[in-house]
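As provided, start_9.txt (compact mmCIF, N, CA and C atoms) reads as follows.
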# COMPACT_ATOMS: atom_id res chain seq x y z
N MET A 1 66.48 146.46 83.21
CA MET A 1 67.67 145.87 82.62
C MET A 1 68.49 146.98 81.96
N THR A 2 69.79 146.96 82.20
CA THR A 2 70.65 147.97 81.62
C THR A 2 70.99 147.63 80.18
N ARG A 3 71.10 148.69 79.37
CA ARG A 3 71.43 148.52 77.95
C ARG A 3 72.87 148.95 77.74
N ILE A 4 73.64 148.06 77.19
CA ILE A 4 75.05 148.32 76.94
C ILE A 4 75.32 148.22 75.45
N LEU A 5 76.00 149.23 74.92
CA LEU A 5 76.46 149.18 73.54
C LEU A 5 77.91 148.73 73.55
N LEU A 6 78.19 147.64 72.86
CA LEU A 6 79.53 147.07 72.76
C LEU A 6 80.03 147.28 71.34
N VAL A 7 81.18 147.95 71.21
CA VAL A 7 81.72 148.24 69.88
C VAL A 7 83.13 147.68 69.78
N ASP A 8 83.31 146.68 68.92
CA ASP A 8 84.62 146.08 68.70
C ASP A 8 84.61 145.42 67.33
N ASP A 9 85.67 145.62 66.56
CA ASP A 9 85.72 145.05 65.22
C ASP A 9 86.12 143.58 65.22
N ASP A 10 86.65 143.07 66.32
CA ASP A 10 87.06 141.67 66.41
C ASP A 10 85.87 140.83 66.83
N ARG A 11 85.39 139.99 65.92
CA ARG A 11 84.17 139.21 66.17
C ARG A 11 84.31 138.28 67.37
N THR A 12 85.47 137.68 67.54
CA THR A 12 85.67 136.76 68.66
C THR A 12 85.57 137.50 70.00
N ILE A 13 86.22 138.63 70.10
CA ILE A 13 86.17 139.42 71.33
C ILE A 13 84.75 139.94 71.56
N ARG A 14 84.14 140.45 70.49
CA ARG A 14 82.78 140.97 70.60
C ARG A 14 81.81 139.89 71.10
N THR A 15 81.92 138.70 70.54
CA THR A 15 81.04 137.60 70.94
C THR A 15 81.29 137.18 72.39
N SER A 16 82.55 137.11 72.78
CA SER A 16 82.89 136.72 74.16
C SER A 16 82.36 137.72 75.18
N ILE A 17 82.57 138.99 74.91
CA ILE A 17 82.10 140.03 75.83
C ILE A 17 80.58 140.08 75.84
N ASP A 18 79.98 139.93 74.68
CA ASP A 18 78.52 139.91 74.57
C ASP A 18 77.93 138.81 75.46
N LEU A 19 78.47 137.61 75.36
CA LEU A 19 77.98 136.48 76.17
C LEU A 19 78.19 136.73 77.66
N LEU A 20 79.35 137.24 78.02
CA LEU A 20 79.65 137.52 79.42
C LEU A 20 78.65 138.52 80.01
N LEU A 21 78.42 139.59 79.27
CA LEU A 21 77.51 140.64 79.77
C LEU A 21 76.06 140.15 79.81
N LYS A 22 75.66 139.38 78.83
CA LYS A 22 74.29 138.84 78.83
C LYS A 22 74.09 137.87 79.99
N ARG A 23 75.09 137.05 80.27
CA ARG A 23 75.00 136.13 81.41
C ARG A 23 74.93 136.89 82.73
N ALA A 24 75.48 138.10 82.75
CA ALA A 24 75.43 138.94 83.95
C ALA A 24 74.11 139.71 84.04
N GLY A 25 73.22 139.51 83.04
CA GLY A 25 71.90 140.11 83.10
C GLY A 25 71.72 141.41 82.35
N HIS A 26 72.66 141.75 81.49
CA HIS A 26 72.57 143.01 80.74
C HIS A 26 71.99 142.78 79.35
N ASP A 27 71.35 143.80 78.82
CA ASP A 27 70.87 143.81 77.44
C ASP A 27 72.00 144.40 76.61
N VAL A 28 72.56 143.64 75.70
CA VAL A 28 73.73 144.07 74.94
C VAL A 28 73.38 144.24 73.47
N VAL A 29 73.80 145.37 72.91
CA VAL A 29 73.70 145.62 71.48
C VAL A 29 75.13 145.73 70.99
N ALA A 30 75.47 145.00 69.95
CA ALA A 30 76.84 144.99 69.43
C ALA A 30 76.94 145.77 68.12
N ALA A 31 78.09 146.41 67.94
CA ALA A 31 78.40 147.12 66.70
C ALA A 31 79.81 146.71 66.27
N THR A 32 80.02 146.70 64.97
CA THR A 32 81.29 146.20 64.43
C THR A 32 82.37 147.26 64.25
N ASP A 33 82.00 148.52 64.31
CA ASP A 33 83.00 149.59 64.21
C ASP A 33 82.42 150.88 64.76
N GLY A 34 83.26 151.92 64.79
CA GLY A 34 82.84 153.19 65.37
C GLY A 34 81.68 153.85 64.66
N ARG A 35 81.65 153.77 63.35
CA ARG A 35 80.54 154.39 62.61
C ARG A 35 79.22 153.72 62.93
N ASP A 36 79.24 152.39 62.93
CA ASP A 36 78.04 151.62 63.26
C ASP A 36 77.61 151.90 64.70
N GLY A 37 78.56 151.92 65.60
CA GLY A 37 78.26 152.20 67.00
C GLY A 37 77.71 153.60 67.20
N PHE A 38 78.31 154.58 66.56
CA PHE A 38 77.84 155.95 66.69
C PHE A 38 76.41 156.08 66.16
N ALA A 39 76.12 155.44 65.04
CA ALA A 39 74.76 155.48 64.49
C ALA A 39 73.77 154.88 65.49
N LYS A 40 74.17 153.83 66.17
CA LYS A 40 73.28 153.21 67.17
C LYS A 40 73.05 154.15 68.36
N THR A 41 74.06 154.91 68.77
CA THR A 41 73.86 155.86 69.88
C THR A 41 72.93 156.99 69.49
N GLU A 42 72.87 157.30 68.22
CA GLU A 42 71.98 158.36 67.76
C GLU A 42 70.53 157.86 67.67
N ALA A 43 70.36 156.55 67.46
CA ALA A 43 69.02 155.98 67.26
C ALA A 43 68.42 155.37 68.52
N GLU A 44 69.26 154.97 69.47
CA GLU A 44 68.78 154.27 70.66
C GLU A 44 69.42 154.86 71.92
N ARG A 45 68.84 154.50 73.08
CA ARG A 45 69.38 154.96 74.35
C ARG A 45 70.15 153.81 75.00
N PHE A 46 71.33 154.14 75.54
CA PHE A 46 72.15 153.16 76.22
C PHE A 46 72.55 153.69 77.59
N ASP A 47 72.81 152.76 78.51
CA ASP A 47 73.25 153.11 79.85
C ASP A 47 74.77 153.11 79.96
N LEU A 48 75.44 152.44 79.01
CA LEU A 48 76.89 152.31 79.04
C LEU A 48 77.39 151.99 77.64
N LEU A 49 78.56 152.53 77.32
CA LEU A 49 79.24 152.25 76.06
C LEU A 49 80.57 151.59 76.38
N ILE A 50 80.82 150.44 75.76
CA ILE A 50 82.12 149.78 75.85
C ILE A 50 82.69 149.78 74.44
N VAL A 51 83.87 150.38 74.27
CA VAL A 51 84.40 150.58 72.92
C VAL A 51 85.89 150.25 72.85
N ASP A 52 86.24 149.54 71.77
CA ASP A 52 87.64 149.27 71.46
C ASP A 52 88.24 150.53 70.86
N ILE A 53 89.52 150.74 71.08
CA ILE A 53 90.14 151.96 70.55
C ILE A 53 90.54 151.81 69.09
N PHE A 54 91.16 150.69 68.75
CA PHE A 54 91.68 150.54 67.39
C PHE A 54 90.74 149.72 66.52
N MET A 55 90.07 150.43 65.61
CA MET A 55 89.13 149.82 64.67
C MET A 55 89.26 150.55 63.34
N PRO A 56 88.96 149.88 62.24
CA PRO A 56 88.97 150.57 60.94
C PRO A 56 87.84 151.59 60.87
N GLY A 57 88.02 152.56 60.00
CA GLY A 57 87.00 153.61 59.86
C GLY A 57 87.08 154.56 61.03
N MET A 58 86.00 154.73 61.74
CA MET A 58 85.99 155.59 62.92
C MET A 58 86.56 154.79 64.10
N ASP A 59 87.70 155.23 64.63
CA ASP A 59 88.28 154.51 65.76
C ASP A 59 87.56 154.86 67.06
N GLY A 60 87.93 154.18 68.12
CA GLY A 60 87.26 154.38 69.40
C GLY A 60 87.45 155.76 69.98
N LEU A 61 88.62 156.37 69.79
CA LEU A 61 88.84 157.71 70.31
C LEU A 61 87.90 158.72 69.65
N GLU A 62 87.76 158.61 68.34
CA GLU A 62 86.85 159.50 67.63
C GLU A 62 85.40 159.23 68.03
N MET A 63 85.07 157.97 68.23
CA MET A 63 83.71 157.63 68.64
C MET A 63 83.39 158.24 70.01
N ILE A 64 84.33 158.13 70.94
CA ILE A 64 84.13 158.73 72.27
C ILE A 64 83.89 160.23 72.12
N ARG A 65 84.70 160.87 71.32
CA ARG A 65 84.58 162.32 71.09
C ARG A 65 83.19 162.66 70.53
N GLN A 66 82.77 161.93 69.51
CA GLN A 66 81.48 162.20 68.86
C GLN A 66 80.29 161.92 69.79
N VAL A 67 80.34 160.79 70.48
CA VAL A 67 79.24 160.43 71.38
C VAL A 67 79.11 161.45 72.50
N HIS A 68 80.22 161.89 73.06
CA HIS A 68 80.15 162.82 74.19
C HIS A 68 79.72 164.22 73.79
N ARG A 69 79.75 164.53 72.52
CA ARG A 69 79.19 165.82 72.08
C ARG A 69 77.69 165.85 72.31
N GLY A 70 77.02 164.73 72.03
CA GLY A 70 75.57 164.67 72.17
C GLY A 70 75.10 164.07 73.49
N GLN A 71 75.94 163.23 74.09
CA GLN A 71 75.56 162.54 75.34
C GLN A 71 76.73 162.57 76.32
N PRO A 72 77.03 163.73 76.87
CA PRO A 72 78.22 163.87 77.72
C PRO A 72 78.18 163.05 79.00
N ARG A 73 77.01 162.59 79.40
CA ARG A 73 76.92 161.81 80.63
C ARG A 73 76.85 160.30 80.43
N LEU A 74 76.98 159.86 79.19
CA LEU A 74 77.00 158.42 78.92
C LEU A 74 78.35 157.86 79.35
N PRO A 75 78.37 156.96 80.35
CA PRO A 75 79.66 156.41 80.77
C PRO A 75 80.26 155.51 79.69
N VAL A 76 81.59 155.59 79.57
CA VAL A 76 82.30 154.84 78.55
C VAL A 76 83.44 154.04 79.19
N ILE A 77 83.55 152.80 78.77
CA ILE A 77 84.71 151.98 79.10
C ILE A 77 85.47 151.77 77.80
N ALA A 78 86.73 152.22 77.75
CA ALA A 78 87.57 152.04 76.57
C ALA A 78 88.45 150.82 76.80
N MET A 79 88.71 150.09 75.72
CA MET A 79 89.57 148.91 75.83
C MET A 79 90.49 148.85 74.61
N SER A 80 91.64 148.23 74.82
CA SER A 80 92.57 148.09 73.71
C SER A 80 93.54 146.95 73.96
N GLY A 81 93.90 146.29 72.89
CA GLY A 81 94.89 145.23 72.93
C GLY A 81 96.23 145.70 72.43
N MET A 82 96.33 146.99 72.13
CA MET A 82 97.57 147.57 71.64
C MET A 82 98.66 147.40 72.68
N ILE A 83 99.83 147.01 72.24
CA ILE A 83 100.97 146.87 73.15
C ILE A 83 101.54 148.26 73.43
N PHE A 84 101.59 148.59 74.70
CA PHE A 84 102.10 149.89 75.12
C PHE A 84 103.50 149.71 75.68
N ARG A 85 104.33 150.67 75.44
CA ARG A 85 105.68 150.69 76.00
C ARG A 85 105.82 151.97 76.81
N PRO A 86 105.39 151.94 78.08
CA PRO A 86 105.40 153.16 78.87
C PRO A 86 106.78 153.74 79.11
N THR A 87 107.85 152.94 78.88
CA THR A 87 109.19 153.46 79.09
C THR A 87 109.66 154.30 77.91
N SER A 88 109.00 154.19 76.78
CA SER A 88 109.38 154.95 75.61
C SER A 88 108.65 156.30 75.60
N LEU A 89 109.41 157.34 75.40
CA LEU A 89 108.80 158.67 75.35
C LEU A 89 107.98 158.88 74.07
N LEU A 90 108.24 158.05 73.07
CA LEU A 90 107.55 158.21 71.79
C LEU A 90 106.25 157.43 71.70
N ALA A 91 106.02 156.50 72.61
CA ALA A 91 104.83 155.65 72.54
C ALA A 91 103.69 156.28 73.33
N PRO A 92 102.64 156.72 72.64
CA PRO A 92 101.51 157.31 73.36
C PRO A 92 100.69 156.24 74.09
N ASP A 93 100.09 156.63 75.18
CA ASP A 93 99.21 155.72 75.92
C ASP A 93 97.78 156.04 75.48
N PHE A 94 97.27 155.23 74.57
CA PHE A 94 95.96 155.49 73.99
C PHE A 94 94.82 155.32 74.99
N LEU A 95 94.99 154.45 75.97
CA LEU A 95 93.96 154.32 76.99
C LEU A 95 93.90 155.58 77.86
N ALA A 96 95.04 156.18 78.15
CA ALA A 96 95.04 157.45 78.89
C ALA A 96 94.38 158.54 78.06
N MET A 97 94.61 158.52 76.75
CA MET A 97 93.95 159.48 75.87
C MET A 97 92.43 159.31 75.93
N ALA A 98 91.98 158.06 75.95
CA ALA A 98 90.54 157.79 76.01
C ALA A 98 89.94 158.37 77.30
N ILE A 99 90.66 158.25 78.40
CA ILE A 99 90.20 158.80 79.68
C ILE A 99 90.10 160.32 79.57
N LYS A 100 91.09 160.94 78.96
CA LYS A 100 91.07 162.40 78.79
C LYS A 100 89.91 162.86 77.90
N LEU A 101 89.50 161.99 76.97
CA LEU A 101 88.37 162.32 76.09
C LEU A 101 87.02 162.05 76.73
N GLY A 102 87.03 161.42 77.92
CA GLY A 102 85.76 161.23 78.61
C GLY A 102 85.43 159.81 79.01
N ALA A 103 86.29 158.84 78.67
CA ALA A 103 86.03 157.48 79.14
C ALA A 103 86.16 157.46 80.66
N VAL A 104 85.30 156.69 81.29
CA VAL A 104 85.30 156.58 82.75
C VAL A 104 86.34 155.56 83.20
N LYS A 105 86.45 154.47 82.45
CA LYS A 105 87.36 153.38 82.78
C LYS A 105 88.08 152.94 81.52
N SER A 106 89.21 152.27 81.71
CA SER A 106 89.92 151.68 80.57
C SER A 106 90.41 150.29 80.97
N LEU A 107 90.43 149.41 79.99
CA LEU A 107 90.89 148.04 80.19
C LEU A 107 91.87 147.68 79.08
N ARG A 108 92.98 147.09 79.49
CA ARG A 108 93.96 146.62 78.53
C ARG A 108 93.69 145.15 78.24
N LYS A 109 93.51 144.81 76.96
CA LYS A 109 93.27 143.42 76.55
C LYS A 109 94.60 142.67 76.56
N PRO A 110 94.62 141.43 76.92
CA PRO A 110 93.48 140.66 77.41
C PRO A 110 93.22 140.98 78.88
N PHE A 111 91.96 140.97 79.25
CA PHE A 111 91.60 141.20 80.64
C PHE A 111 90.76 140.03 81.12
N GLN A 112 90.66 139.90 82.41
CA GLN A 112 89.86 138.84 83.01
C GLN A 112 88.39 139.24 82.99
N PRO A 113 87.49 138.28 82.85
CA PRO A 113 86.06 138.61 82.88
C PRO A 113 85.66 139.41 84.12
N ARG A 114 86.24 139.06 85.27
CA ARG A 114 85.89 139.77 86.50
C ARG A 114 86.31 141.25 86.45
N GLU A 115 87.37 141.56 85.70
CA GLU A 115 87.80 142.95 85.57
C GLU A 115 86.77 143.76 84.79
N LEU A 116 86.27 143.18 83.70
CA LEU A 116 85.26 143.86 82.91
C LEU A 116 83.98 144.02 83.72
N LEU A 117 83.55 142.95 84.37
CA LEU A 117 82.31 143.03 85.15
C LEU A 117 82.43 144.04 86.29
N ALA A 118 83.59 144.14 86.91
CA ALA A 118 83.80 145.12 87.98
C ALA A 118 83.71 146.54 87.42
N ALA A 119 84.31 146.78 86.26
CA ALA A 119 84.25 148.11 85.65
C ALA A 119 82.82 148.46 85.26
N VAL A 120 82.10 147.51 84.68
CA VAL A 120 80.70 147.73 84.30
C VAL A 120 79.88 148.02 85.54
N ASP A 121 80.07 147.22 86.57
CA ASP A 121 79.34 147.38 87.83
C ASP A 121 79.58 148.77 88.44
N GLU A 122 80.82 149.18 88.46
CA GLU A 122 81.13 150.49 89.03
C GLU A 122 80.44 151.62 88.27
N CYS A 123 80.45 151.53 86.96
CA CYS A 123 79.82 152.58 86.16
C CYS A 123 78.30 152.58 86.26
N LEU A 124 77.71 151.40 86.38
CA LEU A 124 76.25 151.30 86.40
C LEU A 124 75.63 151.44 87.79
N ASN A 125 76.38 151.16 88.83
CA ASN A 125 75.81 151.17 90.17
C ASN A 125 75.98 152.48 90.92
N PHE A 126 76.39 153.49 90.24
CA PHE A 126 76.46 154.81 90.84
C PHE A 126 75.61 155.75 90.00
N PRO A 127 74.28 155.71 90.21
CA PRO A 127 73.38 156.49 89.36
C PRO A 127 73.65 157.99 89.38
N SER A 128 74.22 158.47 90.46
CA SER A 128 74.51 159.90 90.51
C SER A 128 76.02 160.13 90.42
N MET A 129 76.70 159.26 89.68
CA MET A 129 78.15 159.34 89.65
C MET A 129 78.67 160.68 89.15
N PHE A 130 77.96 161.31 88.23
CA PHE A 130 78.45 162.58 87.74
C PHE A 130 78.23 163.69 88.74
N GLU A 131 77.09 163.65 89.44
CA GLU A 131 76.84 164.65 90.46
C GLU A 131 77.85 164.52 91.59
N ALA A 132 78.20 163.29 91.93
CA ALA A 132 79.17 163.06 93.00
C ALA A 132 80.60 163.20 92.50
N ASP A 133 80.76 163.36 91.20
CA ASP A 133 82.07 163.49 90.56
C ASP A 133 82.92 162.24 90.78
N ARG A 134 82.29 161.11 91.08
CA ARG A 134 83.03 159.88 91.34
C ARG A 134 83.72 159.36 90.08
N CYS A 135 82.99 159.33 88.99
CA CYS A 135 83.56 158.81 87.74
C CYS A 135 83.44 159.83 86.62
N ALA A 136 83.22 161.06 86.95
CA ALA A 136 82.98 162.06 85.91
C ALA A 136 84.20 162.24 85.02
N PRO A 137 83.98 162.28 83.73
CA PRO A 137 85.09 162.60 82.83
C PRO A 137 85.68 163.96 83.22
N SER A 138 86.97 164.12 83.01
CA SER A 138 87.66 165.33 83.48
C SER A 138 87.04 166.61 82.96
N TYR A 139 86.48 166.61 81.75
CA TYR A 139 85.94 167.84 81.22
C TYR A 139 84.62 168.23 81.88
N LEU A 140 84.01 167.32 82.66
CA LEU A 140 82.78 167.66 83.38
C LEU A 140 83.06 168.12 84.81
N SER A 141 84.30 167.98 85.28
CA SER A 141 84.63 168.37 86.65
C SER A 141 84.59 169.87 86.80
N LEU A 142 84.08 170.30 87.90
CA LEU A 142 84.03 171.73 88.19
C LEU A 142 85.37 172.17 88.76
N PRO A 143 85.79 173.43 88.46
CA PRO A 143 87.10 173.90 88.96
C PRO A 143 87.06 174.07 90.47

Same coordinates, now as structure tokens:
Amino acid sequence: MTRILLVDDDRTIRTSIDLLLKRAGHDVVAATDGRDGFAKTEAERFDLLIVDIFMPGMDGLEMIRQVHRGQPRLPVIAMSGMIFRPTSLLAPDFLAMAIKLGAVKSLRKPFQPRELLAAVDECLNFPSMFEADRCAPSYLSLP
């Protein structure tokens, strides 16, 4: 059984995703913020990290950065409900930033359950994904 760490400060979203993943057969551990989630990655082993970007305390971007220092091959799915305005030059795309920091996939909330399950499936069903460079974070790619 795969172990997934789910980190989101919104209890409703956390509960919904937790139930969805458990029904799909995954072992899910939930954390309420980046600090709590990071502490769990230091104490336990996970096959996948799903993290919200905007949370109080340690945000998802910082959590991705910290986790990948110690576990660079842990696949990460970043998610955010932040409204993006791609036509504005001043509005940063935080999901793109998460990918640059090492997230394998990103999802914009609200998303369909099948979108999350497809992203989870892709990350978990390629055991040699980093060797094949299929989903490798950009900093792990060879020149």

Worksheet item: With distances taken over all atoms listed in the file, which of A:Gln71, A:Gly57, A:Gln112, A:Ala78 is nearest to Ile99 of chain A?
Response: A:Ala78

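One finds atom C of Gly81 of chain A at 18.6 Å from atom C of Leu5 of chain A.
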
Worksheet item: Any idea what the distance is between atom CA of Lys40 of chain A and atom CA of Pro75 of chain A?
Response: 15.4 Å

Response to the item:
Closest of A:Leu101, A:Ala30, A:Leu95, A:Ile53 to Arg65 of chain A, counting all atoms listed in the file, is A:Leu101

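Those residues in chain A carrying a DSSP assignment of strand (DSSP E or B), computed from the backbone, are Arg3, Ile4, Leu5, Leu6, Val7, Asp27, Val28, Val29, Ala30, Ala31, Leu48, Leu49, Ile50, Val51, Asp52, Val76, Ile77, Ala78, Met79, Ser80, Lys105, Ser106, Leu107 and Arg108 of chain A.
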
Please identify all polymer residues within 12 Å of Gln66 of chain A, counting only C-alpha atoms, omitting same-chain residues fewer than 2 positions from it, and present them as a PDB file with N, CA and C atoms, keeping the file's coordinate frame.
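Just written: out_22.pdb:
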ATOM      1  N   GLY A  34      83.260 151.920  64.790  1.00  0.00           N
ATOM      2  CA  GLY A  34      82.840 153.190  65.370  1.00  0.00           C
ATOM      3  C   GLY A  34      81.680 153.850  64.660  1.00  0.00           C
ATOM      4  N   ARG A  35      81.650 153.770  63.350  1.00  0.00           N
ATOM      5  CA  ARG A  35      80.540 154.390  62.610  1.00  0.00           C
ATOM      6  C   ARG A  35      79.220 153.720  62.930  1.00  0.00           C
ATOM      7  N   GLY A  37      78.560 151.920  65.600  1.00  0.00           N
ATOM      8  CA  GLY A  37      78.260 152.200  67.000  1.00  0.00           C
ATOM      9  C   GLY A  37      77.710 153.600  67.200  1.00  0.00           C
ATOM     10  N   PHE A  38      78.310 154.580  66.560  1.00  0.00           N
ATOM     11  CA  PHE A  38      77.840 155.950  66.690  1.00  0.00           C
ATOM     12  C   PHE A  38      76.410 156.080  66.160  1.00  0.00           C
ATOM     13  N   ALA A  39      76.120 155.440  65.040  1.00  0.00           N
ATOM     14  CA  ALA A  39      74.760 155.480  64.490  1.00  0.00           C
ATOM     15  C   ALA A  39      73.770 154.880  65.490  1.00  0.00           C
ATOM     16  N   THR A  41      74.060 154.910  68.770  1.00  0.00           N
ATOM     17  CA  THR A  41      73.860 155.860  69.880  1.00  0.00           C
ATOM     18  C   THR A  41      72.930 156.990  69.490  1.00  0.00           C
ATOM     19  N   GLU A  42      72.870 157.300  68.220  1.00  0.00           N
ATOM     20  CA  GLU A  42      71.980 158.360  67.760  1.00  0.00           C
ATOM     21  C   GLU A  42      70.530 157.860  67.670  1.00  0.00           C
ATOM     22  N   MET A  58      86.000 154.730  61.740  1.00  0.00           N
ATOM     23  CA  MET A  58      85.990 155.590  62.920  1.00  0.00           C
ATOM     24  C   MET A  58      86.560 154.790  64.100  1.00  0.00           C
ATOM     25  N   ASP A  59      87.700 155.230  64.630  1.00  0.00           N
ATOM     26  CA  ASP A  59      88.280 154.510  65.760  1.00  0.00           C
ATOM     27  C   ASP A  59      87.560 154.860  67.060  1.00  0.00           C
ATOM     28  N   GLY A  60      87.930 154.180  68.120  1.00  0.00           N
ATOM     29  CA  GLY A  60      87.260 154.380  69.400  1.00  0.00           C
ATOM     30  C   GLY A  60      87.450 155.760  69.980  1.00  0.00           C
ATOM     31  N   LEU A  61      88.620 156.370  69.790  1.00  0.00           N
ATOM     32  CA  LEU A  61      88.840 157.710  70.310  1.00  0.00           C
ATOM     33  C   LEU A  61      87.900 158.720  69.650  1.00  0.00           C
ATOM     34  N   GLU A  62      87.760 158.610  68.340  1.00  0.00           N
ATOM     35  CA  GLU A  62      86.850 159.500  67.630  1.00  0.00           C
ATOM     36  C   GLU A  62      85.400 159.230  68.030  1.00  0.00           C
ATOM     37  N   MET A  63      85.070 157.970  68.230  1.00  0.00           N
ATOM     38  CA  MET A  63      83.710 157.630  68.640  1.00  0.00           C
ATOM     39  C   MET A  63      83.390 158.240  70.010  1.00  0.00           C
ATOM     40  N   ILE A  64      84.330 158.130  70.940  1.00  0.00           N
ATOM     41  CA  ILE A  64      84.130 158.730  72.270  1.00  0.00           C
ATOM     42  C   ILE A  64      83.890 160.230  72.120  1.00  0.00           C
ATOM     43  N   HIS A  68      80.220 161.890  73.060  1.00  0.00           N
ATOM     44  CA  HIS A  68      80.150 162.820  74.190  1.00  0.00           C
ATOM     45  C   HIS A  68      79.720 164.220  73.790  1.00  0.00           C
ATOM     46  N   ARG A  69      79.750 164.530  72.520  1.00  0.00           N
ATOM     47  CA  ARG A  69      79.190 165.820  72.080  1.00  0.00           C
ATOM     48  C   ARG A  69      77.690 165.850  72.310  1.00  0.00           C
ATOM     49  N   GLY A  70      77.020 164.730  72.030  1.00  0.00           N
ATOM     50  CA  GLY A  70      75.570 164.670  72.170  1.00  0.00           C
ATOM     51  C   GLY A  70      75.100 164.070  73.490  1.00  0.00           C
ATOM     52  N   GLN A  71      75.940 163.230  74.090  1.00  0.00           N
ATOM     53  CA  GLN A  71      75.560 162.540  75.340  1.00  0.00           C
ATOM     54  C   GLN A  71      76.730 162.570  76.320  1.00  0.00           C
ATOM     55  N   PRO A  72      77.030 163.730  76.870  1.00  0.00           N
ATOM     56  CA  PRO A  72      78.220 163.870  77.720  1.00  0.00           C
ATOM     57  C   PRO A  72      78.180 163.050  79.000  1.00  0.00           C
ATOM     58  N   LEU A  74      76.980 159.860  79.190  1.00  0.00           N
ATOM     59  CA  LEU A  74      77.000 158.420  78.920  1.00  0.00           C
ATOM     60  C   LEU A  74      78.350 157.860  79.350  1.00  0.00           C
ATOM     61  N   LEU A 101      89.500 161.990  76.970  1.00  0.00           N
ATOM     62  CA  LEU A 101      88.370 162.320  76.090  1.00  0.00           C
ATOM     63  C   LEU A 101      87.020 162.050  76.730  1.00  0.00           C
ATOM     64  N   GLY A 102      87.030 161.420  77.920  1.00  0.00           N
ATOM     65  CA  GLY A 102      85.760 161.230  78.610  1.00  0.00           C
ATOM     66  C   GLY A 102      85.430 159.810  79.010  1.00  0.00           C
TER      67      GLY A 102
END

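With all atoms listed in the file as the atoms that count, the minimum distance from His26 of chain A to the choices A:Met1, A:Leu49, A:Met55, A:Val67 is reached by A:Met1.
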
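Across the model, the gap from atom C of Met79 of chain A to atom C of Lys109 of chain A is 7.7 Å.
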
Item to complete: For each of A:Ile77, A:Asp9, A:Pro92, A:Glu122, take the minimum atom-to-atom distance to Ser106 of chain A, counting only N, CA and C atoms, then give the residue where this is smallest.
Response: A:Ile77

Within 10 Å of Arg11 of chain A, counting only C-alpha atoms, which residues qualify if same-chain residues fewer than 6 places away don't, as a compact mmCIF listing (two decimals) with N, CA and C atoms, keeping the file's coordinate frame?
# COMPACT_ATOMS: atom_id res chain seq x y z
N ILE A 17 82.57 138.99 74.91
CA ILE A 17 82.10 140.03 75.83
C ILE A 17 80.58 140.08 75.84
N ALA A 30 75.47 145.00 69.95
CA ALA A 30 76.84 144.99 69.43
C ALA A 30 76.94 145.77 68.12
N ALA A 31 78.09 146.41 67.94
CA ALA A 31 78.40 147.12 66.70
C ALA A 31 79.81 146.71 66.27
N THR A 32 80.02 146.70 64.97
CA THR A 32 81.29 146.20 64.43
C THR A 32 82.37 147.26 64.25

Practice prompt. Have a look at A:Leu124, A:Ala119, A:Leu20, A:Leu6 and name the one nearest to Lys105 of chain A; count only C-alpha atoms.
Written response: A:Ala119
